[in-house]
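Shown next: entry30.txt, containing compact mmCIF, N, CA and C atoms.
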```
# COMPACT_ATOMS: atom_id res chain seq x y z
N GLN T 7 -4.16 -10.20 -18.41
CA GLN T 7 -2.96 -9.52 -17.92
C GLN T 7 -3.26 -8.84 -16.59
N VAL T 8 -2.43 -9.12 -15.61
CA VAL T 8 -2.62 -8.53 -14.29
C VAL T 8 -2.05 -7.12 -14.26
N ARG T 9 -2.84 -6.20 -13.73
CA ARG T 9 -2.36 -4.83 -13.56
C ARG T 9 -2.71 -4.35 -12.17
N LEU T 10 -1.74 -3.70 -11.53
CA LEU T 10 -1.96 -3.00 -10.27
C LEU T 10 -1.53 -1.56 -10.49
N VAL T 11 -2.46 -0.63 -10.31
CA VAL T 11 -2.18 0.77 -10.61
C VAL T 11 -2.39 1.60 -9.34
N GLU T 12 -1.29 2.12 -8.83
CA GLU T 12 -1.35 2.97 -7.64
C GLU T 12 -1.64 4.42 -8.01
N SER T 13 -2.28 5.12 -7.10
CA SER T 13 -2.53 6.55 -7.28
C SER T 13 -2.65 7.20 -5.90
N GLY T 14 -2.58 8.53 -5.89
CA GLY T 14 -2.80 9.27 -4.65
C GLY T 14 -1.55 9.82 -4.01
N GLY T 15 -0.39 9.51 -4.56
CA GLY T 15 0.84 10.04 -3.99
C GLY T 15 0.99 11.52 -4.28
N GLY T 16 2.02 12.11 -3.67
CA GLY T 16 2.28 13.52 -3.90
C GLY T 16 3.15 14.11 -2.83
N LEU T 17 3.21 15.45 -2.85
CA LEU T 17 3.99 16.20 -1.87
C LEU T 17 3.03 16.70 -0.78
N VAL T 18 3.39 16.46 0.47
CA VAL T 18 2.52 16.85 1.58
C VAL T 18 3.39 17.33 2.74
N GLN T 19 2.85 18.24 3.53
CA GLN T 19 3.59 18.76 4.68
C GLN T 19 3.52 17.77 5.84
N PRO T 20 4.52 17.79 6.71
CA PRO T 20 4.48 16.93 7.90
C PRO T 20 3.21 17.17 8.70
N GLY T 21 2.65 16.07 9.21
CA GLY T 21 1.43 16.14 9.99
C GLY T 21 0.15 16.01 9.19
N ARG T 22 0.25 16.14 7.87
CA ARG T 22 -0.94 16.04 7.03
C ARG T 22 -1.21 14.59 6.64
N SER T 23 -2.24 14.42 5.81
CA SER T 23 -2.68 13.07 5.43
C SER T 23 -2.69 12.89 3.93
N LEU T 24 -2.59 11.64 3.52
CA LEU T 24 -2.77 11.23 2.13
C LEU T 24 -3.47 9.88 2.12
N ARG T 25 -4.21 9.62 1.06
CA ARG T 25 -4.79 8.29 0.87
C ARG T 25 -4.32 7.74 -0.46
N LEU T 26 -3.66 6.61 -0.41
CA LEU T 26 -3.24 5.92 -1.61
C LEU T 26 -4.29 4.89 -2.01
N SER T 27 -4.42 4.70 -3.31
CA SER T 27 -5.32 3.69 -3.85
C SER T 27 -4.53 2.78 -4.78
N CYS T 28 -4.96 1.55 -4.87
CA CYS T 28 -4.36 0.59 -5.82
C CYS T 28 -5.51 -0.17 -6.47
N ALA T 29 -5.70 0.07 -7.75
CA ALA T 29 -6.76 -0.59 -8.50
C ALA T 29 -6.18 -1.81 -9.21
N ALA T 30 -6.81 -2.95 -8.98
CA ALA T 30 -6.32 -4.20 -9.56
C ALA T 30 -7.25 -4.67 -10.68
N SER T 31 -6.65 -5.30 -11.67
CA SER T 31 -7.43 -5.90 -12.74
C SER T 31 -6.71 -7.14 -13.24
N GLY T 32 -7.47 -8.04 -13.87
CA GLY T 32 -6.87 -9.23 -14.45
C GLY T 32 -6.60 -10.36 -13.48
N LEU T 33 -7.14 -10.25 -12.25
CA LEU T 33 -6.95 -11.32 -11.27
C LEU T 33 -8.19 -11.41 -10.38
N PRO T 34 -8.41 -12.59 -9.76
CA PRO T 34 -9.55 -12.71 -8.82
C PRO T 34 -9.20 -12.03 -7.51
N PHE T 35 -9.47 -10.75 -7.47
CA PHE T 35 -8.98 -9.87 -6.41
C PHE T 35 -9.30 -10.39 -5.00
N SER T 36 -10.50 -10.90 -4.82
CA SER T 36 -10.94 -11.30 -3.49
C SER T 36 -10.18 -12.49 -2.94
N ARG T 37 -9.38 -13.16 -3.76
CA ARG T 37 -8.57 -14.29 -3.29
C ARG T 37 -7.21 -13.86 -2.79
N TYR T 38 -6.83 -12.64 -3.14
CA TYR T 38 -5.46 -12.20 -2.90
C TYR T 38 -5.32 -11.40 -1.61
N ALA T 39 -4.28 -11.72 -0.83
CA ALA T 39 -3.84 -10.80 0.21
C ALA T 39 -3.20 -9.60 -0.48
N MET T 40 -3.45 -8.43 0.05
CA MET T 40 -2.93 -7.20 -0.54
C MET T 40 -2.04 -6.48 0.46
N SER T 41 -0.97 -5.92 -0.05
CA SER T 41 -0.02 -5.25 0.81
C SER T 41 0.44 -3.94 0.20
N TRP T 42 0.92 -3.08 1.07
CA TRP T 42 1.65 -1.88 0.66
C TRP T 42 3.08 -2.01 1.16
N TYR T 43 4.01 -1.75 0.27
CA TYR T 43 5.42 -1.68 0.60
C TYR T 43 5.90 -0.27 0.28
N ARG T 44 7.07 0.06 0.78
CA ARG T 44 7.68 1.33 0.41
C ARG T 44 9.20 1.17 0.33
N GLN T 45 9.78 2.03 -0.48
CA GLN T 45 11.23 2.03 -0.64
C GLN T 45 11.72 3.45 -0.68
N ALA T 46 12.53 3.80 0.29
CA ALA T 46 13.14 5.13 0.34
C ALA T 46 14.49 5.07 -0.37
N PRO T 47 15.00 6.22 -0.83
CA PRO T 47 16.28 6.24 -1.53
C PRO T 47 17.38 5.62 -0.68
N GLY T 48 18.14 4.69 -1.28
CA GLY T 48 19.25 4.07 -0.58
C GLY T 48 18.86 3.01 0.42
N LYS T 49 17.57 2.69 0.50
CA LYS T 49 17.11 1.69 1.47
C LYS T 49 16.42 0.55 0.76
N GLU T 50 16.28 -0.57 1.48
CA GLU T 50 15.58 -1.71 0.92
C GLU T 50 14.07 -1.49 1.00
N ARG T 51 13.38 -2.19 0.13
CA ARG T 51 11.92 -2.14 0.17
C ARG T 51 11.43 -2.80 1.45
N GLU T 52 10.46 -2.16 2.11
CA GLU T 52 9.95 -2.68 3.36
C GLU T 52 8.44 -2.80 3.34
N LEU T 53 7.94 -3.78 4.08
CA LEU T 53 6.49 -3.96 4.19
C LEU T 53 5.92 -2.90 5.11
N VAL T 54 4.86 -2.25 4.65
CA VAL T 54 4.18 -1.23 5.44
C VAL T 54 2.93 -1.78 6.10
N ALA T 55 2.09 -2.44 5.29
CA ALA T 55 0.83 -2.95 5.81
C ALA T 55 0.33 -4.07 4.91
N VAL T 56 -0.42 -5.00 5.50
CA VAL T 56 -0.98 -6.11 4.74
C VAL T 56 -2.41 -6.35 5.21
N ILE T 57 -3.26 -6.73 4.28
CA ILE T 57 -4.64 -7.05 4.61
C ILE T 57 -5.00 -8.38 3.97
N ALA T 58 -5.67 -9.23 4.74
CA ALA T 58 -6.06 -10.54 4.25
C ALA T 58 -7.10 -10.41 3.14
N SER T 59 -7.28 -11.50 2.40
CA SER T 59 -8.19 -11.49 1.27
C SER T 59 -9.61 -11.11 1.70
N SER T 60 -10.00 -11.54 2.88
CA SER T 60 -11.34 -11.24 3.39
C SER T 60 -11.46 -9.83 3.93
N GLY T 61 -10.32 -9.23 4.22
CA GLY T 61 -10.32 -7.91 4.85
C GLY T 61 -10.44 -7.95 6.35
N ARG T 62 -10.55 -9.14 6.93
CA ARG T 62 -10.79 -9.25 8.38
C ARG T 62 -9.53 -9.13 9.19
N SER T 63 -8.37 -9.30 8.55
CA SER T 63 -7.12 -9.27 9.29
C SER T 63 -6.16 -8.29 8.65
N THR T 64 -5.49 -7.50 9.47
CA THR T 64 -4.50 -6.55 8.98
C THR T 64 -3.26 -6.61 9.87
N ASN T 65 -2.16 -6.15 9.31
CA ASN T 65 -0.91 -6.08 10.07
C ASN T 65 -0.11 -4.90 9.57
N TYR T 66 0.67 -4.30 10.47
CA TYR T 66 1.38 -3.07 10.14
C TYR T 66 2.82 -3.11 10.63
N ALA T 67 3.67 -2.39 9.92
CA ALA T 67 5.02 -2.15 10.43
C ALA T 67 4.91 -1.30 11.68
N GLU T 68 5.83 -1.52 12.61
CA GLU T 68 5.79 -0.77 13.87
C GLU T 68 5.85 0.74 13.62
N SER T 69 6.59 1.12 12.61
CA SER T 69 6.81 2.55 12.35
C SER T 69 5.55 3.28 11.91
N VAL T 70 4.51 2.55 11.48
CA VAL T 70 3.30 3.21 10.99
C VAL T 70 2.06 2.87 11.82
N LYS T 71 2.21 2.01 12.80
CA LYS T 71 1.06 1.62 13.62
C LYS T 71 0.44 2.83 14.28
N GLY T 72 -0.89 2.91 14.21
CA GLY T 72 -1.60 4.03 14.79
C GLY T 72 -1.71 5.23 13.89
N ARG T 73 -0.96 5.24 12.79
CA ARG T 73 -1.02 6.36 11.84
C ARG T 73 -1.59 5.96 10.49
N PHE T 74 -1.29 4.74 10.05
CA PHE T 74 -1.73 4.26 8.73
C PHE T 74 -2.82 3.21 8.90
N THR T 75 -3.73 3.18 7.94
CA THR T 75 -4.79 2.17 7.93
C THR T 75 -4.93 1.60 6.53
N ILE T 76 -4.85 0.29 6.44
CA ILE T 76 -5.06 -0.38 5.16
C ILE T 76 -6.49 -0.91 5.12
N SER T 77 -7.11 -0.80 3.96
CA SER T 77 -8.47 -1.30 3.79
C SER T 77 -8.64 -1.76 2.34
N ARG T 78 -9.72 -2.47 2.09
CA ARG T 78 -9.96 -2.94 0.73
C ARG T 78 -11.45 -2.96 0.45
N ASP T 79 -11.76 -2.82 -0.83
CA ASP T 79 -13.12 -2.93 -1.31
C ASP T 79 -13.11 -4.00 -2.39
N ASN T 80 -13.54 -5.19 -2.06
CA ASN T 80 -13.47 -6.28 -3.03
C ASN T 80 -14.45 -6.09 -4.19
N ALA T 81 -15.47 -5.31 -3.97
CA ALA T 81 -16.41 -5.02 -5.06
C ALA T 81 -15.80 -4.10 -6.11
N LYS T 82 -14.82 -3.29 -5.68
CA LYS T 82 -14.16 -2.35 -6.59
C LYS T 82 -12.76 -2.79 -6.97
N ASN T 83 -12.34 -3.98 -6.47
CA ASN T 83 -10.98 -4.47 -6.76
C ASN T 83 -9.91 -3.43 -6.40
N THR T 84 -10.08 -2.81 -5.25
CA THR T 84 -9.19 -1.72 -4.85
C THR T 84 -8.77 -1.88 -3.40
N VAL T 85 -7.50 -1.57 -3.16
CA VAL T 85 -6.97 -1.53 -1.81
C VAL T 85 -6.51 -0.10 -1.54
N TYR T 86 -6.64 0.32 -0.30
CA TYR T 86 -6.32 1.69 0.08
C TYR T 86 -5.30 1.71 1.22
N LEU T 87 -4.59 2.82 1.30
CA LEU T 87 -3.73 3.07 2.45
C LEU T 87 -3.97 4.50 2.89
N GLN T 88 -4.65 4.64 4.01
CA GLN T 88 -4.86 5.95 4.60
C GLN T 88 -3.67 6.27 5.48
N MET T 89 -3.01 7.37 5.19
CA MET T 89 -1.80 7.74 5.91
C MET T 89 -2.04 9.07 6.61
N ASN T 90 -2.03 9.04 7.92
CA ASN T 90 -2.24 10.23 8.74
C ASN T 90 -0.97 10.60 9.48
N SER T 91 -0.91 11.82 9.96
CA SER T 91 0.25 12.28 10.75
C SER T 91 1.56 11.94 10.06
N LEU T 92 1.64 12.28 8.79
CA LEU T 92 2.81 11.91 8.01
C LEU T 92 4.07 12.60 8.52
N LYS T 93 5.18 11.88 8.40
CA LYS T 93 6.48 12.35 8.86
C LYS T 93 7.45 12.37 7.68
N PRO T 94 8.49 13.18 7.75
CA PRO T 94 9.48 13.17 6.66
C PRO T 94 10.05 11.79 6.38
N GLU T 95 10.17 10.96 7.41
CA GLU T 95 10.71 9.62 7.21
C GLU T 95 9.74 8.67 6.50
N ASP T 96 8.53 9.12 6.25
CA ASP T 96 7.59 8.34 5.43
C ASP T 96 7.83 8.56 3.94
N THR T 97 8.72 9.47 3.60
CA THR T 97 9.02 9.74 2.20
C THR T 97 9.59 8.49 1.53
N ALA T 98 8.95 8.08 0.44
CA ALA T 98 9.36 6.86 -0.26
C ALA T 98 8.47 6.68 -1.49
N VAL T 99 8.86 5.71 -2.31
CA VAL T 99 7.95 5.22 -3.34
C VAL T 99 7.14 4.09 -2.71
N TYR T 100 5.82 4.19 -2.83
CA TYR T 100 4.93 3.21 -2.24
C TYR T 100 4.42 2.27 -3.33
N TYR T 101 4.52 0.98 -3.06
CA TYR T 101 4.15 -0.06 -4.02
C TYR T 101 3.01 -0.91 -3.49
N CYS T 102 2.13 -1.26 -4.37
CA CYS T 102 1.04 -2.17 -4.08
C CYS T 102 1.48 -3.58 -4.48
N ASN T 103 1.11 -4.57 -3.66
CA ASN T 103 1.47 -5.96 -3.94
C ASN T 103 0.24 -6.84 -3.75
N ALA T 104 0.07 -7.79 -4.67
CA ALA T 104 -0.98 -8.80 -4.56
C ALA T 104 -0.34 -10.17 -4.46
N ASN T 105 -0.77 -10.95 -3.48
CA ASN T 105 -0.16 -12.26 -3.26
C ASN T 105 -1.21 -13.33 -3.03
N TYR T 106 -1.04 -14.45 -3.73
CA TYR T 106 -1.89 -15.64 -3.52
C TYR T 106 -1.03 -16.86 -3.75
N LEU T 107 -0.74 -17.60 -2.73
CA LEU T 107 0.13 -18.78 -2.79
C LEU T 107 1.46 -18.34 -3.38
N THR T 108 1.83 -18.87 -4.55
CA THR T 108 3.13 -18.52 -5.15
C THR T 108 3.02 -17.38 -6.16
N LEU T 109 1.82 -16.85 -6.33
CA LEU T 109 1.61 -15.76 -7.28
C LEU T 109 1.83 -14.42 -6.58
N ASP T 110 2.59 -13.57 -7.23
CA ASP T 110 3.02 -12.31 -6.63
C ASP T 110 3.06 -11.25 -7.72
N TYR T 111 2.31 -10.15 -7.52
CA TYR T 111 2.28 -9.09 -8.52
C TYR T 111 2.55 -7.75 -7.85
N TRP T 112 3.15 -6.83 -8.64
CA TRP T 112 3.52 -5.53 -8.13
C TRP T 112 2.99 -4.42 -9.04
N GLY T 113 2.68 -3.29 -8.41
CA GLY T 113 2.38 -2.10 -9.17
C GLY T 113 3.66 -1.35 -9.49
N GLN T 114 3.50 -0.23 -10.18
CA GLN T 114 4.66 0.54 -10.63
C GLN T 114 5.14 1.52 -9.56
N GLY T 115 4.33 1.75 -8.54
CA GLY T 115 4.72 2.63 -7.45
C GLY T 115 4.20 4.04 -7.60
N THR T 116 4.05 4.71 -6.46
CA THR T 116 3.65 6.11 -6.45
C THR T 116 4.51 6.82 -5.40
N GLN T 117 5.00 7.99 -5.76
CA GLN T 117 5.93 8.73 -4.89
C GLN T 117 5.15 9.49 -3.83
N VAL T 118 5.60 9.35 -2.59
CA VAL T 118 5.08 10.15 -1.47
C VAL T 118 6.27 10.92 -0.89
N THR T 119 6.13 12.24 -0.86
CA THR T 119 7.17 13.10 -0.31
C THR T 119 6.57 13.93 0.81
N VAL T 120 7.16 13.81 2.00
CA VAL T 120 6.69 14.57 3.16
C VAL T 120 7.75 15.60 3.49
N SER T 121 7.42 16.84 3.27
CA SER T 121 8.39 17.91 3.46
C SER T 121 7.67 19.23 3.66
N SER T 122 8.29 20.08 4.46
CA SER T 122 7.74 21.43 4.65
C SER T 122 8.33 22.39 3.63
```
Do you think you could lay out the structure here as C-alpha cells?
Amino acid sequence: QVRLVESGGGLVQPGRSLRLSCAASGLPFSRYAMSWYRQAPGKERELVAVIASSGRSTNYAESVKGRFTISRDNAKNTVYLQMNSLKPEDTAVYYCNANYLTLDYWGQGTQVTVSS
C-alpha cells in the first residue's frame, strides 16, 4: 500500500520559514518524480515545485522561485520543501505527489498558514 505522509505545516508569521516533509512508503521511491502542490480556499490546486527522480532537476512556480527549495533524500524515501520569506498568499493546504508514468499518488495534505 502506497502512503505519502506530509508533516511540518503550521502557523507562521510573514517573513519566517517552514520546512515541509513528505515520507513515502510502499513504492520504489527513487523511480518517482516528486512534487509539492498547494490549494488555497476557493482556488484550484496548483503546482509549487517538482524534483526529478534523480534529484538533479527541479522546477518551481514563478510565485515561489527564489524563496522555496525542493529536495529529496532517496535513502530516506523523503521529499522536502524548504519555504523561506513566507507571505500571506502562501497560505494553503500543501500536498505531496509522487508520479511515475501513469502512476500518481497523493498525500493527505498539511496546512500552512502565514499570518501575523
| said: Using DSSP secondary structure from the backbone, list all strand (DSSP E or B) positions within chain T, as a PyMOL selection string. | reply: chain T and resi 9-13+16-18+24-31+39-45+52-57+64-66+74-79+84-89+98-106+109-112+116-120
| task | Rounded to one decimal place, report the atom C of Arg51 (chain T)-atom N of Gly113 (chain T) distance in Å. | result | 13.2 Å
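Using all atoms listed in the file, the nearest neighbour of Thr84 (chain T) within the list T:Val18, T:Ala55, T:Cys102, T:Cys28 is T:Cys28.
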| Can you find the residues with an atom no farther than 5 Å from (10.1, 12.5, 0.0), counting all atoms listed in the file, and report them as an NGL selection string? | :T and (97-98 or 118-120)
Would you save the residues of that selection, restricted to N, CA and C atoms, as a PDB file, in the coordinates of the input?
```pdb
ATOM      1  N   THR T  97       8.720   9.470   3.600  1.00  0.00           N
ATOM      2  CA  THR T  97       9.020   9.740   2.200  1.00  0.00           C
ATOM      3  C   THR T  97       9.590   8.490   1.530  1.00  0.00           C
ATOM      4  N   ALA T  98       8.950   8.080   0.440  1.00  0.00           N
ATOM      5  CA  ALA T  98       9.360   6.860  -0.260  1.00  0.00           C
ATOM      6  C   ALA T  98       8.470   6.680  -1.490  1.00  0.00           C
ATOM      7  N   VAL T 118       5.600   9.350  -2.590  1.00  0.00           N
ATOM      8  CA  VAL T 118       5.080  10.150  -1.470  1.00  0.00           C
ATOM      9  C   VAL T 118       6.270  10.920  -0.890  1.00  0.00           C
ATOM     10  N   THR T 119       6.130  12.240  -0.860  1.00  0.00           N
ATOM     11  CA  THR T 119       7.170  13.100  -0.310  1.00  0.00           C
ATOM     12  C   THR T 119       6.570  13.930   0.810  1.00  0.00           C
ATOM     13  N   VAL T 120       7.160  13.810   2.000  1.00  0.00           N
ATOM     14  CA  VAL T 120       6.690  14.570   3.160  1.00  0.00           C
ATOM     15  C   VAL T 120       7.750  15.600   3.490  1.00  0.00           C
TER      16      VAL T 120
END
```
Axis-aligned box over every listed atom of region 109-114 of chain T, padded by 8 Å per side: centre and edges in Å to one decimal, as AutoDock Vina command-line options?
```
--center_x 3.4 --center_y -7.7 --center_z -8.5 --size_x 19.5 --size_y 34.4 --size_z 20.3
```
| Can you list, as a PyMOL selection string, every protein, DNA or RNA residue that comes within 7 Å of Arg44 (chain T) when you count only N, CA and C atoms, leaving out same-chain residues fewer than 3 positions away? | chain T and resi 50-54+98-101
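All protein, DNA and RNA residues at most 7 Å from (1.7, 14.2, 6.2) are Val18, Gln19, Pro20, Gly21, Arg22, Ser23, Leu24, Asn90, Ser91, Leu92, Lys93 and Val120 of chain T, using only C-alpha atoms.
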Identify, on the basis of only C-alpha atoms, every residue whose closest approach to Val8 (chain T) does not exceed 9 Å; exclude the query and any residue fewer than 4 positions from it along the same chain; express the result as a PDB file with N, CA and C atoms, in the frame of the given file.
```pdb
ATOM      1  N   ALA T  30      -6.810  -2.950  -8.980  1.00  0.00           N
ATOM      2  CA  ALA T  30      -6.320  -4.200  -9.560  1.00  0.00           C
ATOM      3  C   ALA T  30      -7.250  -4.670 -10.680  1.00  0.00           C
ATOM      4  N   SER T  31      -6.650  -5.300 -11.670  1.00  0.00           N
ATOM      5  CA  SER T  31      -7.430  -5.900 -12.740  1.00  0.00           C
ATOM      6  C   SER T  31      -6.710  -7.140 -13.240  1.00  0.00           C
ATOM      7  N   GLY T  32      -7.470  -8.040 -13.870  1.00  0.00           N
ATOM      8  CA  GLY T  32      -6.870  -9.230 -14.450  1.00  0.00           C
ATOM      9  C   GLY T  32      -6.600 -10.360 -13.480  1.00  0.00           C
ATOM     10  N   LEU T  33      -7.140 -10.250 -12.250  1.00  0.00           N
ATOM     11  CA  LEU T  33      -6.950 -11.320 -11.270  1.00  0.00           C
ATOM     12  C   LEU T  33      -8.190 -11.410 -10.380  1.00  0.00           C
ATOM     13  N   TYR T 111       2.310 -10.150  -7.520  1.00  0.00           N
ATOM     14  CA  TYR T 111       2.280  -9.090  -8.520  1.00  0.00           C
ATOM     15  C   TYR T 111       2.550  -7.750  -7.850  1.00  0.00           C
TER      16      TYR T 111
END
```
| Between T:Ser60, T:Gln45, T:Thr75, T:Ser122, which is the closest to Asp96 (chain T) once you count all atoms listed in the file? | T:Gln45
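Interatomic distance, CA of Pro34 (chain T) against CA of Arg62 (chain T): 17.6 Å.
As for CA of Gly48 (chain T) and atom N of Ser121 (chain T), they are spaced 17.8 Å apart.
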| request: Report as a list in words: the residues of chain T with a DSSP assignment of helix (DSSP H, G or I), based on the backbone of this structure. | output: Phe35, Ser36, Arg37, Glu68, Ser69, Val70, Pro94, Glu95 and Asp96 of chain T
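You can rank T:Met40, T:Ile76, T:Leu107, T:Met89 by their closest distance to Arg25 (chain T) using only N, CA and C atoms, and at the top of that list sits T:Met89.
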